[in-house]
Each structure stands twice: as structure tokens, then as C-alpha cells.
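Source file: my_file-v4.csv (CSV, C-alpha atoms)
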```csv
chain,number,residue,atom,x,y,z
A,1,MET,CA,-9.7,11.8,-51.7
A,2,LYS,CA,-11.4,11.4,-48.4
A,3,ALA,CA,-9.4,8.3,-47.7
A,4,LYS,CA,-6.1,10.1,-48.4
A,5,ILE,CA,-7.0,13.0,-46.0
A,6,THR,CA,-8.0,10.5,-43.3
A,7,LYS,CA,-4.7,8.6,-43.7
A,8,ARG,CA,-2.7,11.9,-43.5
A,9,THR,CA,-4.6,12.9,-40.3
A,10,SER,CA,-4.0,9.5,-38.8
A,11,LYS,CA,-0.2,9.8,-39.4
A,12,LYS,CA,-0.2,13.3,-37.9
A,13,ASN,CA,-2.0,11.9,-34.8
A,14,LEU,CA,0.5,9.1,-34.5
A,15,LEU,CA,3.4,11.6,-34.8
A,16,PHE,CA,1.7,13.8,-32.2
A,17,GLU,CA,1.1,10.9,-29.8
A,18,SER,CA,4.7,9.6,-30.2
A,19,ILE,CA,6.2,13.0,-29.4
A,20,ARG,CA,3.7,13.6,-26.6
A,21,SER,CA,4.8,10.3,-25.1
A,22,LEU,CA,8.5,11.2,-25.3
A,23,ILE,CA,7.9,14.6,-23.6
A,24,GLU,CA,5.8,13.0,-20.8
A,25,SER,CA,8.4,10.3,-20.2
A,26,ALA,CA,11.2,13.0,-20.1
A,27,ARG,CA,9.2,15.1,-17.6
A,28,ASN,CA,8.5,12.0,-15.4
A,29,ILE,CA,12.3,11.2,-15.4
A,30,VAL,CA,13.1,14.8,-14.4
A,31,VAL,CA,10.5,14.8,-11.6
A,32,ARG,CA,11.8,11.5,-10.2
A,33,GLN,CA,15.4,12.6,-10.5
A,34,THR,CA,14.7,16.0,-8.9
A,35,ASN,CA,12.7,14.3,-6.1
A,36,SER,CA,15.4,11.7,-5.3
A,37,THR,CA,18.1,14.4,-5.4
A,38,MET,CA,16.1,16.6,-3.0
A,39,VAL,CA,15.5,13.6,-0.6
A,40,PHE,CA,19.2,12.7,-0.7
A,41,THR,CA,20.1,16.4,0.0
A,42,TYR,CA,17.9,16.4,3.1
A,43,PHE,CA,19.4,13.1,4.2
A,44,GLU,CA,22.9,14.7,3.9
A,45,ILE,CA,21.7,17.8,5.8
A,46,GLY,CA,20.5,15.5,8.6
A,47,LYS,CA,23.9,13.8,8.6
A,48,SER,CA,25.7,17.1,8.9
A,49,ILE,CA,23.6,18.1,11.9
A,50,VAL,CA,24.1,14.8,13.6
A,51,LYS,CA,27.9,14.9,13.0
A,52,TYR,CA,28.0,18.4,14.4
A,53,GLU,CA,26.2,17.3,17.5
A,54,GLN,CA,28.4,14.2,17.9
A,55,ASP,CA,31.5,16.4,17.8
A,56,GLY,CA,30.3,18.0,21.0
A,57,LYS,CA,29.6,21.3,19.5
A,58,ALA,CA,25.9,21.3,20.0
A,59,ARG,CA,24.9,20.0,23.4
A,60,ALA,CA,21.3,19.4,24.4
A,61,GLU,CA,20.9,22.7,26.3
A,62,TYR,CA,21.6,24.8,23.2
A,63,ALA,CA,21.0,22.4,20.3
A,64,HIS,CA,17.6,24.1,19.5
A,65,GLU,CA,19.3,27.5,19.5
A,66,THR,CA,21.9,26.2,17.0
A,67,LEU,CA,19.1,24.9,14.7
A,68,LYS,CA,17.3,28.2,15.1
A,69,ASN,CA,20.3,30.2,13.9
A,70,LEU,CA,20.9,27.7,11.1
A,71,SER,CA,17.3,27.9,10.0
A,72,GLU,CA,17.4,31.7,9.9
A,73,LYS,CA,20.5,31.7,7.6
A,74,LEU,CA,19.3,29.0,5.3
A,75,SER,CA,15.8,30.5,5.0
A,76,ASP,CA,17.2,33.9,4.1
A,77,GLU,CA,19.1,32.4,1.2
A,78,PHE,CA,17.0,29.4,0.1
A,79,GLY,CA,13.4,30.0,1.4
A,80,LYS,CA,11.0,28.5,3.9
A,81,SER,CA,11.9,24.8,3.4
A,82,PHE,CA,14.5,25.1,6.2
A,83,SER,CA,12.4,25.9,9.2
A,84,VAL,CA,13.6,24.5,12.6
A,85,ARG,CA,10.9,21.9,12.4
A,86,ASN,CA,12.0,20.7,9.0
A,87,LEU,CA,15.7,20.7,10.0
A,88,GLU,CA,14.7,18.5,13.0
A,89,GLN,CA,12.8,16.2,10.6
A,90,MET,CA,15.9,15.9,8.4
A,91,ARG,CA,18.0,15.0,11.4
A,92,LYS,CA,15.4,12.4,12.4
A,93,PHE,CA,15.3,11.0,8.8
A,94,TYR,CA,19.1,10.5,8.8
A,95,LEU,CA,19.1,8.8,12.2
A,96,LEU,CA,16.3,6.4,11.1
A,97,TYR,CA,17.6,5.6,7.7
A,98,HIS,CA,21.4,6.0,7.7
A,99,GLN,CA,22.3,2.3,8.3
A,100,LYS,CA,19.9,1.0,5.7
A,101,ILE,CA,20.8,3.7,3.1
A,102,SER,CA,24.5,3.3,3.7
A,103,GLN,CA,24.3,-0.4,3.0
A,104,THR,CA,22.2,0.1,-0.1
A,105,LEU,CA,24.5,2.8,-1.4
A,106,SER,CA,27.6,0.7,-0.8
A,107,ALA,CA,26.2,-2.3,-2.6
A,108,LYS,CA,24.9,-0.2,-5.5
A,109,SER,CA,28.0,1.9,-5.8
A,110,LEU,CA,30.1,-1.2,-6.5
A,111,LYS,CA,27.9,-2.1,-9.5
A,112,SER,CA,27.2,1.4,-10.9
A,113,LYS,CA,29.1,3.6,-13.3
A,114,PRO,CA,28.9,7.4,-13.1
A,115,VAL,CA,26.6,9.2,-15.5
A,116,LYS,CA,28.6,10.9,-18.2
A,117,GLY,CA,28.3,14.6,-18.5
A,118,LEU,CA,26.8,15.1,-15.0
A,119,GLN,CA,28.8,17.0,-12.4
A,120,ILE,CA,28.1,16.2,-8.8
A,121,PRO,CA,28.7,19.0,-6.3
A,122,GLN,CA,31.8,18.4,-4.1
A,123,THR,CA,29.7,19.3,-1.0
A,124,VAL,CA,27.6,16.2,-1.5
A,125,SER,CA,29.0,12.9,-0.2
A,126,ALA,CA,31.2,11.0,-2.5
A,127,GLU,CA,29.1,7.9,-2.4
A,128,PHE,CA,26.1,9.7,-4.0
A,129,ASN,CA,25.6,8.8,-7.6
A,130,LEU,CA,22.8,10.3,-9.7
A,131,ASN,CA,22.5,7.0,-11.6
A,132,ILE,CA,21.3,5.1,-8.5
A,133,SER,CA,19.6,7.9,-6.4
A,134,ALA,CA,16.1,7.2,-7.7
A,135,SER,CA,16.3,3.5,-6.6
A,136,VAL,CA,17.7,4.4,-3.2
A,137,PHE,CA,15.1,7.1,-2.6
A,138,PRO,CA,12.0,6.1,-4.7
A,139,LEU,CA,9.5,8.0,-2.6
A,140,SER,CA,8.8,11.7,-2.1
A,141,TRP,CA,10.1,13.7,0.9
A,142,SER,CA,6.6,14.0,2.2
A,143,HIS,CA,6.3,10.1,2.2
A,144,TYR,CA,9.5,9.9,4.2
A,145,VAL,CA,8.1,12.5,6.7
A,146,ILE,CA,5.1,10.3,7.4
A,147,LEU,CA,7.2,7.1,7.5
A,148,SER,CA,9.6,8.8,10.0
A,149,ARG,CA,6.7,9.2,12.5
A,150,ILE,CA,6.4,5.4,12.7
A,151,THR,CA,8.4,4.1,15.7
A,152,ASN,CA,8.1,0.4,15.0
A,153,ASN,CA,10.9,-0.5,12.5
A,154,ASP,CA,9.0,-3.5,11.0
A,155,GLU,CA,5.9,-1.4,10.6
A,156,ARG,CA,7.8,1.4,8.9
A,157,SER,CA,9.5,-1.0,6.6
A,158,PHE,CA,6.1,-2.5,5.6
A,159,TYR,CA,4.6,0.9,4.7
A,160,GLU,CA,7.7,1.9,2.7
A,161,ILE,CA,7.7,-1.4,0.7
A,162,GLU,CA,3.9,-1.1,0.0
A,163,SER,CA,4.2,2.6,-1.0
A,164,VAL,CA,6.8,1.8,-3.6
A,165,GLN,CA,5.2,-1.4,-4.9
A,166,ASN,CA,1.7,0.0,-5.2
A,167,ASN,CA,2.7,3.6,-6.1
A,168,TRP,CA,0.7,5.0,-3.2
A,169,SER,CA,0.0,8.7,-3.3
A,170,LEU,CA,0.6,10.6,-0.1
A,171,ALA,CA,-3.1,10.5,0.6
A,172,GLU,CA,-3.2,6.8,0.1
A,173,LEU,CA,-0.2,6.2,2.4
A,174,ASN,CA,-1.9,8.4,5.0
A,175,ARG,CA,-5.2,6.4,4.7
A,176,GLN,CA,-3.4,3.0,4.9
A,177,PHE,CA,-1.5,4.1,8.0
A,178,GLU,CA,-4.6,5.7,9.7
A,179,THR,CA,-6.6,2.5,9.0
A,180,SER,CA,-3.8,0.4,10.6
A,181,VAL,CA,-3.4,-2.0,7.7
A,182,TYR,CA,-0.2,-3.3,9.2
A,183,GLU,CA,-1.9,-4.2,12.5
A,184,ARG,CA,-4.8,-5.8,10.7
A,185,LEU,CA,-2.5,-8.0,8.6
A,186,VAL,CA,-0.7,-9.0,11.7
A,187,LEU,CA,-4.0,-10.1,13.2
A,188,SER,CA,-4.7,-12.1,10.0
A,189,ARG,CA,-1.4,-14.0,10.0
A,190,ASN,CA,0.3,-16.6,12.2
A,191,LYS,CA,3.4,-15.5,14.1
A,192,LYS,CA,5.9,-17.1,11.6
A,193,ARG,CA,4.5,-15.1,8.7
A,194,VAL,CA,4.2,-11.7,10.5
A,195,LYS,CA,8.0,-11.1,10.0
A,196,GLU,CA,7.5,-11.3,6.2
A,197,LEU,CA,5.5,-8.1,6.3
A,198,ALA,CA,8.6,-6.0,7.1
A,199,VAL,CA,10.7,-7.7,4.5
A,200,LYS,CA,8.3,-8.3,1.6
A,201,GLY,CA,5.2,-6.2,2.3
A,202,GLN,CA,1.8,-7.8,1.8
A,203,VAL,CA,2.4,-11.0,-0.1
A,204,MET,CA,-0.4,-12.8,-2.0
A,205,GLU,CA,0.8,-16.5,-2.1
A,206,ARG,CA,-1.9,-18.4,-0.2
A,207,PRO,CA,-5.7,-18.2,0.0
A,208,GLU,CA,-5.6,-16.9,3.5
A,209,ASP,CA,-3.5,-13.9,2.3
A,210,ALA,CA,-6.7,-12.5,0.8
A,211,ILE,CA,-8.1,-11.8,4.4
A,212,LYS,CA,-7.6,-8.7,6.6
A,213,HIS,CA,-9.0,-8.6,10.1
A,214,PRO,CA,-11.0,-6.5,10.2
A,215,LEU,CA,-11.8,-4.8,6.9
A,216,ILE,CA,-12.2,-1.0,7.3
A,217,LEU,CA,-14.9,0.4,5.1
A,218,GLU,CA,-15.1,3.9,6.4
A,219,PHE,CA,-14.8,5.3,2.9
A,220,LEU,CA,-18.3,4.0,2.0
A,221,GLY,CA,-19.9,6.6,4.2
A,222,LEU,CA,-22.2,4.2,6.0
A,223,LYS,CA,-22.6,5.5,9.6
A,224,GLU,CA,-22.5,2.9,12.3
A,225,GLU,CA,-25.7,4.1,14.0
A,226,SER,CA,-27.8,4.4,10.8
A,227,TYR,CA,-30.0,1.7,9.3
A,228,TYR,CA,-28.9,0.1,6.0
A,229,ASN,CA,-29.4,-3.2,4.4
A,230,GLU,CA,-27.2,-5.6,2.4
A,231,ASN,CA,-28.2,-4.0,-0.9
A,232,ASP,CA,-27.2,-0.6,0.4
A,233,LEU,CA,-23.8,-2.1,1.5
A,234,GLU,CA,-23.3,-3.7,-1.9
A,235,THR,CA,-24.3,-0.5,-3.8
A,236,ALA,CA,-21.9,1.6,-1.7
A,237,ILE,CA,-19.1,-0.9,-2.4
A,238,ILE,CA,-19.8,-0.7,-6.2
A,239,SER,CA,-19.6,3.1,-6.1
A,240,GLN,CA,-16.2,2.8,-4.4
A,241,ILE,CA,-15.0,-0.4,-6.1
A,242,GLU,CA,-11.4,0.8,-6.6
A,243,ARG,CA,-11.0,1.7,-3.0
A,244,PHE,CA,-12.7,-1.5,-1.9
A,245,MET,CA,-10.3,-3.6,-4.0
A,246,LEU,CA,-7.3,-1.7,-2.5
A,247,GLU,CA,-8.7,-2.4,1.0
A,248,MET,CA,-9.0,-6.1,0.1
A,249,GLY,CA,-5.3,-6.3,-1.0
A,250,LYS,CA,-3.1,-6.8,-4.0
A,251,GLY,CA,-4.0,-8.2,-7.4
A,252,PHE,CA,-7.8,-8.0,-7.3
A,253,LEU,CA,-9.8,-7.5,-10.5
A,254,PHE,CA,-13.5,-6.9,-10.5
A,255,SER,CA,-15.6,-9.4,-12.5
A,256,GLY,CA,-19.3,-8.6,-11.6
A,257,ARG,CA,-22.1,-7.9,-9.2
A,258,GLN,CA,-25.0,-10.3,-8.5
A,259,VAL,CA,-23.4,-12.8,-10.8
A,260,ARG,CA,-26.0,-15.5,-11.6
A,261,PHE,CA,-25.5,-19.2,-12.1
A,262,THR,CA,-28.1,-21.9,-12.5
A,263,PHE,CA,-28.0,-25.2,-10.7
A,264,ASP,CA,-30.7,-27.9,-10.5
A,265,GLU,CA,-33.1,-25.6,-12.3
A,266,GLU,CA,-32.6,-22.9,-9.7
A,267,ASN,CA,-30.9,-19.5,-10.0
A,268,PHE,CA,-28.2,-18.4,-7.5
A,269,TYR,CA,-26.6,-15.0,-7.2
A,270,VAL,CA,-23.1,-14.3,-5.9
A,271,ASP,CA,-23.0,-10.7,-4.5
A,272,LEU,CA,-19.5,-9.8,-5.8
A,273,VAL,CA,-17.1,-11.8,-8.0
A,274,PHE,CA,-13.4,-10.9,-8.3
A,275,TYR,CA,-10.4,-12.5,-9.9
A,276,ASN,CA,-7.0,-12.3,-8.2
A,277,ARG,CA,-4.2,-12.4,-10.7
A,278,LEU,CA,-1.5,-13.1,-8.1
A,279,LEU,CA,-3.4,-16.1,-6.6
A,280,ARG,CA,-4.7,-17.0,-10.0
A,281,CYS,CA,-8.2,-17.8,-8.9
A,282,PHE,CA,-11.8,-16.5,-8.6
A,283,VAL,CA,-12.7,-14.8,-5.3
A,284,LEU,CA,-16.4,-14.9,-4.4
A,285,VAL,CA,-17.7,-12.4,-1.9
A,286,ASP,CA,-21.0,-12.6,0.0
A,287,LEU,CA,-22.1,-9.7,2.2
A,288,LYS,CA,-24.0,-10.3,5.5
A,289,LEU,CA,-25.1,-7.6,7.9
A,290,GLY,CA,-26.1,-9.8,10.9
A,291,LYS,CA,-24.3,-12.6,12.7
A,292,LEU,CA,-22.6,-15.2,10.5
A,293,LYS,CA,-24.7,-18.4,10.5
A,294,HIS,CA,-23.7,-22.0,9.5
A,295,GLN,CA,-26.2,-21.7,6.6
A,296,ASP,CA,-24.1,-18.8,5.2
A,297,LEU,CA,-21.0,-21.0,5.3
A,298,GLY,CA,-22.9,-23.9,3.6
A,299,GLN,CA,-24.2,-21.6,0.9
A,300,MET,CA,-20.7,-20.3,0.2
A,301,GLN,CA,-19.4,-23.9,0.0
A,302,MET,CA,-21.9,-24.5,-2.8
A,303,TYR,CA,-20.9,-21.4,-4.7
A,304,VAL,CA,-17.2,-22.3,-4.4
A,305,SER,CA,-17.8,-25.9,-5.5
A,306,TYR,CA,-19.8,-24.7,-8.5
A,307,TYR,CA,-17.1,-22.3,-9.7
A,308,ASP,CA,-14.4,-25.0,-9.2
A,309,ARG,CA,-16.3,-27.5,-11.3
A,310,HIS,CA,-17.9,-25.4,-14.0
A,311,VAL,CA,-16.2,-22.0,-14.3
A,312,LYS,CA,-12.5,-22.1,-13.5
A,313,SER,CA,-10.0,-23.6,-16.0
A,314,THR,CA,-7.7,-26.5,-15.2
A,315,GLU,CA,-4.7,-24.0,-15.1
A,316,GLU,CA,-6.3,-21.9,-12.4
A,317,ASN,CA,-6.2,-22.4,-8.7
A,318,ASN,CA,-9.2,-23.4,-6.5
A,319,THR,CA,-11.8,-20.7,-6.0
A,320,ILE,CA,-11.8,-18.7,-2.7
A,321,GLY,CA,-15.0,-17.7,-0.9
A,322,ILE,CA,-15.1,-14.8,1.5
A,323,ILE,CA,-18.1,-13.9,3.6
A,324,ILE,CA,-17.9,-10.3,4.8
A,325,CYS,CA,-20.1,-9.8,7.9
A,326,LYS,CA,-20.6,-7.6,10.9
A,327,ASP,CA,-20.2,-10.3,13.5
A,328,LYS,CA,-18.6,-13.7,13.4
A,329,LYS,CA,-17.8,-16.5,15.9
A,330,ASP,CA,-14.6,-18.3,15.1
A,331,ALA,CA,-15.8,-21.5,16.9
A,332,ARG,CA,-18.8,-21.7,14.7
A,333,ILE,CA,-16.7,-21.3,11.6
A,334,GLU,CA,-14.2,-24.0,12.7
A,335,ILE,CA,-16.9,-26.6,13.5
A,336,THR,CA,-18.8,-26.0,10.2
A,337,LEU,CA,-15.9,-26.0,7.8
A,338,PRO,CA,-13.6,-28.9,7.1
A,339,LYS,CA,-10.5,-29.2,9.3
A,340,GLU,CA,-8.1,-28.5,6.4
A,341,ASN,CA,-10.2,-25.7,5.0
A,342,LYS,CA,-8.2,-23.5,2.5
A,343,GLN,CA,-11.0,-22.0,0.5
A,344,ILE,CA,-13.7,-20.5,2.6
A,345,PHE,CA,-13.1,-17.6,5.0
A,346,ALA,CA,-15.1,-15.1,7.0
A,347,GLY,CA,-14.0,-11.5,7.4
A,348,GLN,CA,-15.4,-9.0,9.8
A,349,TYR,CA,-15.9,-5.4,8.6
A,350,GLN,CA,-16.2,-2.1,10.4
A,351,SER,CA,-17.9,0.9,8.8
A,352,TYR,CA,-15.9,3.3,11.0
A,353,LEU,CA,-12.2,3.9,11.7
A,354,PRO,CA,-11.1,2.2,14.9
A,355,SER,CA,-8.2,3.8,16.9
A,356,LYS,CA,-4.7,2.3,16.7
A,357,LYS,CA,-4.9,1.8,20.4
A,358,ASP,CA,-7.9,-0.5,20.0
A,359,LEU,CA,-6.3,-2.5,17.2
A,360,LYS,CA,-3.1,-2.9,19.2
A,361,LYS,CA,-5.2,-4.3,22.1
A,362,MET,CA,-6.7,-6.8,19.6
A,363,ILE,CA,-3.2,-7.9,18.6
A,364,GLN,CA,-2.1,-8.4,22.2
A,365,SER,CA,-5.2,-10.5,23.0
A,366,ASN,CA,-5.0,-12.5,19.8
```
Will you turn the file into C-alpha cells for me?
Amino acid sequence: MKAKITKRTSKKNLLFESIRSLIESARNIVVRQTNSTMVFTYFEIGKSIVKYEQDGKARAEYAHETLKNLSEKLSDEFGKSFSVRNLEQMRKFYLLYHQKISQTLSAKSLKSKPVKGLQIPQTVSAEFNLNISASVFPLSWSHYVILSRITNNDERSFYEIESVQNNWSLAELNRQFETSVYERLVLSRNKKRVKELAVKGQVMERPEDAIKHPLILEFLGLKEESYYNENDLETAIISQIERFMLEMGKGFLFSGRQVRFTFDEENFYVDLVFYNRLLRCFVLVDLKLGKLKHQDLGQMQMYVSYYDRHVKSTEENNTIGIIICKDKKDARIEITLPKENKQIFAGQYQSYLPSKKDLKKMIQSN
């Protein structure tokens, strides 16, 4: 009897979960559709404002007055979303994105078929198709507002690609921009590969792609002036492991802390062990607070060699070793490691947020 009741309960749970999943999926589709329609509408409003100005009807001396009058009328009928500032933002959004969006819409419109049963308002541009709007405008309006503040086209394209690919929340996009992840990746790559960032975003194809210069660990809450040791740093990272992996880059999976292996009857401990599913290899991380010494590099070489010989499978790529330190000298690294080194890297970290001005100076002097 008990078994029958349990079976019935199990079926009811399955039915509930199945319907729950359907409702959640439907809600997500509605939210995405509503979002993309709203962004497209704001794009069209910006287009209308620009066209009005180009026709000579809104010259510079009274353009603001025109937007003010427009804002008052729209706000009376549709609410506070149409302030002068927001209308100016819509205008800017159109100017920044019209060429890219027009090309995308033209290409997609040729391949797409209209959605049956959906009526598109005549006031909206003919090229707009609800079937393709979500792919043209995958981010929220608030995301595009932040992106529109970025004056460098390549940088803006990079953050847009990364936001879509990594499903960044608004807070995460803000943090990535404020921590100048684009500039730090530029510093970590040769000039030929910098252009890739604007086209593909952050790509994980080579061992050196696992390095950012510098790593920004302000989220750990370790103040620059206060004393802390390597164990404190490690503990702080573990407590914020998801954010640390996000700061490291794409594809990282956490494997363990203080991972032990025994060699020649002696125990050795790797501070942090990760696996990168994109690079298909283990990534060993050692933490150093002081200056990087050649002994640290030698130790990491041993760790990497051990993992390559005794841990990784034949299908996996060679292990990468990263020493994260407060201070490093590139000349010392170059002379200690083999000329064609592709496995061991040193990355500098900062426990505070540097200014974009400072990072740009670093790029220019690099």
C-alpha cells in the first residue's frame, strides 16, 4: 500500500515539475520578447529624433527645447520613461548602433518568415520582425545604456559580446567595465590578437589566454594597507570562488584547494587546482605575496610536470601553471623559463580597483 502511495506521489511531482517547467519557459520567452521589443522601440524613437534633426527642423540652438516639449507630451501619456535624458539616450543609441543593426536586420530579414497571428504596428519600421528581434537585441535596455557610454568602438563591441555569451547581469557588466577587463586583456595579448577581442570577445584557445594583466581582486575585501598572509588570500578566494573564476576568464571549473600529491616520499600541495573545459587542461595556481623568485618558478615547473605525467589523460592538453603574485619581474621569468615556454605563467594581482586612466597608461607604455 505504501509503495502505491509513493508511486502516485512521485507521478504527481513529475506532473507538477513538467507543468512548472513549461510555465517558467513561457514566462522567460515573454520577458525576452518584451525586452527586445522595448529596445527596438527605443531604437526607432532615436531614429525618429535623428531624422527630424537631419531634416533641419531641430537646429542645435533649440534642439533641447524640442526634446523637452516631446518629453512632456510623451510623459503625460506614457509615464516617466520618456524624460529628456532618456530621449537623448535613445538618440545616442540609434547613432551608435544604426549601421550594425541595419546590416543585421537586412541579413536576417532575408532568411526569416513572419510569425503567424502577430500583428506588427504600422508605426514601427517595416524591417522589424518579432521572429528575429530577440537575436538582434539580446540584452536589456539598461545594458545598452552602459554600452553606449563606451566611446571606443572595439571596447564596446567586446563588452557586448561578453555580456551575451556569459549572460552577464547588469551588475556584472558594470563590474567588468569598472575593473577594465578589456584594457587588461589588451595588456595580456600581442597586437595581432587584440583585434580579436572586438570580434569574438575573450577567446580561450591557447594557454596564454588564461592570463589577465593584472588580476583585480577587489571583491575579496583585502585592503592594500592591511597585513594578510598567503593563507588569508587563499581563504578569501575560496569564499568568493565563483567571482574569482569569472575574473580568471571563461571555462574554469574548481577542482580543489591544497591538493596533495606525493613524489619521492615527500608531500607537495598545490594551492588551487582548476580545470578549463575550453582549453581542456588542468590549471594549477600558486599564490605568492612577495616578489616572484626563480625558486617559485622551479616549484611550479615540478607541479606541472607531475600533473602532465601522472594526472592528465592522453586526450587532455598539457597542464598550465599560473603563479599569482604581488610583484613580478619579466626579465627574471624569461631567463628562468624555457624560451618556448607555453605552460608556466606569472600574473600580478591588485587587491584594489585601479583607475582606467592608470590602466590606459600601462597599455601605452607596454
Check: Of the candidates A:Leu187, A:Arg280, A:Ser157, A:Ile323, which shows the shortest atom-to-atom distance to Glu205 (chain A), using all atoms listed in the file?
Finding: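 Between A:Leu187, A:Arg280, A:Ser157, A:Ile323, the residue approaching Glu205 (chain A) most closely is A:Arg280.
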Given 5 Å on each side, where is the centre and what are the edge lengths in Å to one decimal of the axis-aligned box enclosing the listed atoms of region 217-236 of chain A, as lines of an AutoDock Vina configuration file?
```
center_x = -22.4
center_y = 0.5
center_z = 5.1
size_x = 25.2
size_y = 22.2
size_z = 27.8
```
List the spatial neighbours of Thr151 (chain A) as a PDB file with C-alpha atoms, keeping the file's coordinate frame - criterion: any atom at most 12 Å away, all atoms listed in the file, same-chain residues fewer than 6 positions off excluded.
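As a result, around.pdb now contains:
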```
ATOM      1  CA  LYS A  92      15.400  12.400  12.400  1.00  0.00           C
ATOM      2  CA  PHE A  93      15.300  11.000   8.800  1.00  0.00           C
ATOM      3  CA  LEU A  96      16.300   6.400  11.100  1.00  0.00           C
ATOM      4  CA  SER A 157       9.500  -1.000   6.600  1.00  0.00           C
TER       5      SER A 157
END
```
Could you produce a table of the residues of region 160-222 of chain A lying within 12 Å of region 272-276 of chain A, with the nearest pair of atoms per residue and their separation in Å rounded to one decimal, using only C-alpha atoms, ordered by chain and increasing residue number, as CSV?
```
residue,atom,partner,partner_atom,distance
A:Met204,CA,A:Asn276,CA,9.1
A:Glu205,CA,A:Asn276,CA,10.8
A:Arg206,CA,A:Asn276,CA,11.3
A:Pro207,CA,A:Asn276,CA,10.2
A:Asp209,CA,A:Asn276,CA,11.2
A:Ala210,CA,A:Asn276,CA,9.0
```
Next item on the list: Record the distance separating CA of Gly256 (chain A) and CA of Glu230 (chain A), expressed in Å with one decimal.
Entry: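 If I compute the distance from CA of Gly256 (chain A) to CA of Glu230 (chain A), I get 16.4 Å.
In terms of minimum interatomic distance to Val311 (chain A), A:Cys281 ranks closest within A:Met90, A:Ile161, A:Cys281, A:Ile241, counting all atoms listed in the file.
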Margin query: Report, in Å to a single decimal, how far apart CA of Leu95 (chain A) and CA of Glu155 (chain A) are.
Written below: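 So the answer is 16.8 Å.
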Next item on the list: Using all atoms listed in the file, find the one residue out of A:Asn69, A:Gln299, A:Asn229, A:Asn153 that sits nearest to Phe268 (chain A).
Entry: A:Gln299
Checklist line | Separation of CA of Ser351 (chain A) from CA of Ile146 (chain A), in Å and rounded to one decimal | finding: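 Interatomic distance, CA of Ser351 (chain A) to CA of Ile146 (chain A): 24.9 Å.
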Margin query: Between A:Ala26, A:Ile237, A:Val194, A:Val136, which residue has the minimum interatomic distance to Asp154 (chain A), considering all atoms listed in the file?
Written below: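 Comparing A:Ala26, A:Ile237, A:Val194, A:Val136 against Asp154 (chain A), the winner is A:Val194.
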Notebook entry, point to check: Of the residues A:Ile211, A:Ile333, A:Val84, A:Ile101, which is the one nearest to His294 (chain A), using all atoms listed in the file?
Noted result: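 Closest to His294 (chain A) of all the choices is A:Ile333.
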Check: In terms of the shortest atom-to-atom distance over all atoms listed in the file, which of A:Glu172, A:Asp264, A:Asp271, A:Asp76 is closest to Leu284 (chain A)?
Finding: A:Asp271
Margin query: Counting all atoms listed in the file, find residues at most 12 Å from (10.1, 23.0, 7.6) (file frame) and give them as a list of chain:residue names.
Written below: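 Residues with an atom close enough to that point: A:Tyr42, A:Leu67, A:Lys68, A:Ser71, A:Glu72, A:Leu74, A:Ser75, A:Gly79, A:Lys80, A:Ser81, A:Phe82, A:Ser83, A:Val84, A:Arg85, A:Asn86, A:Leu87, A:Glu88, A:Gln89, A:Met90, A:Arg91, A:Trp141, A:Ser142, A:Val145.
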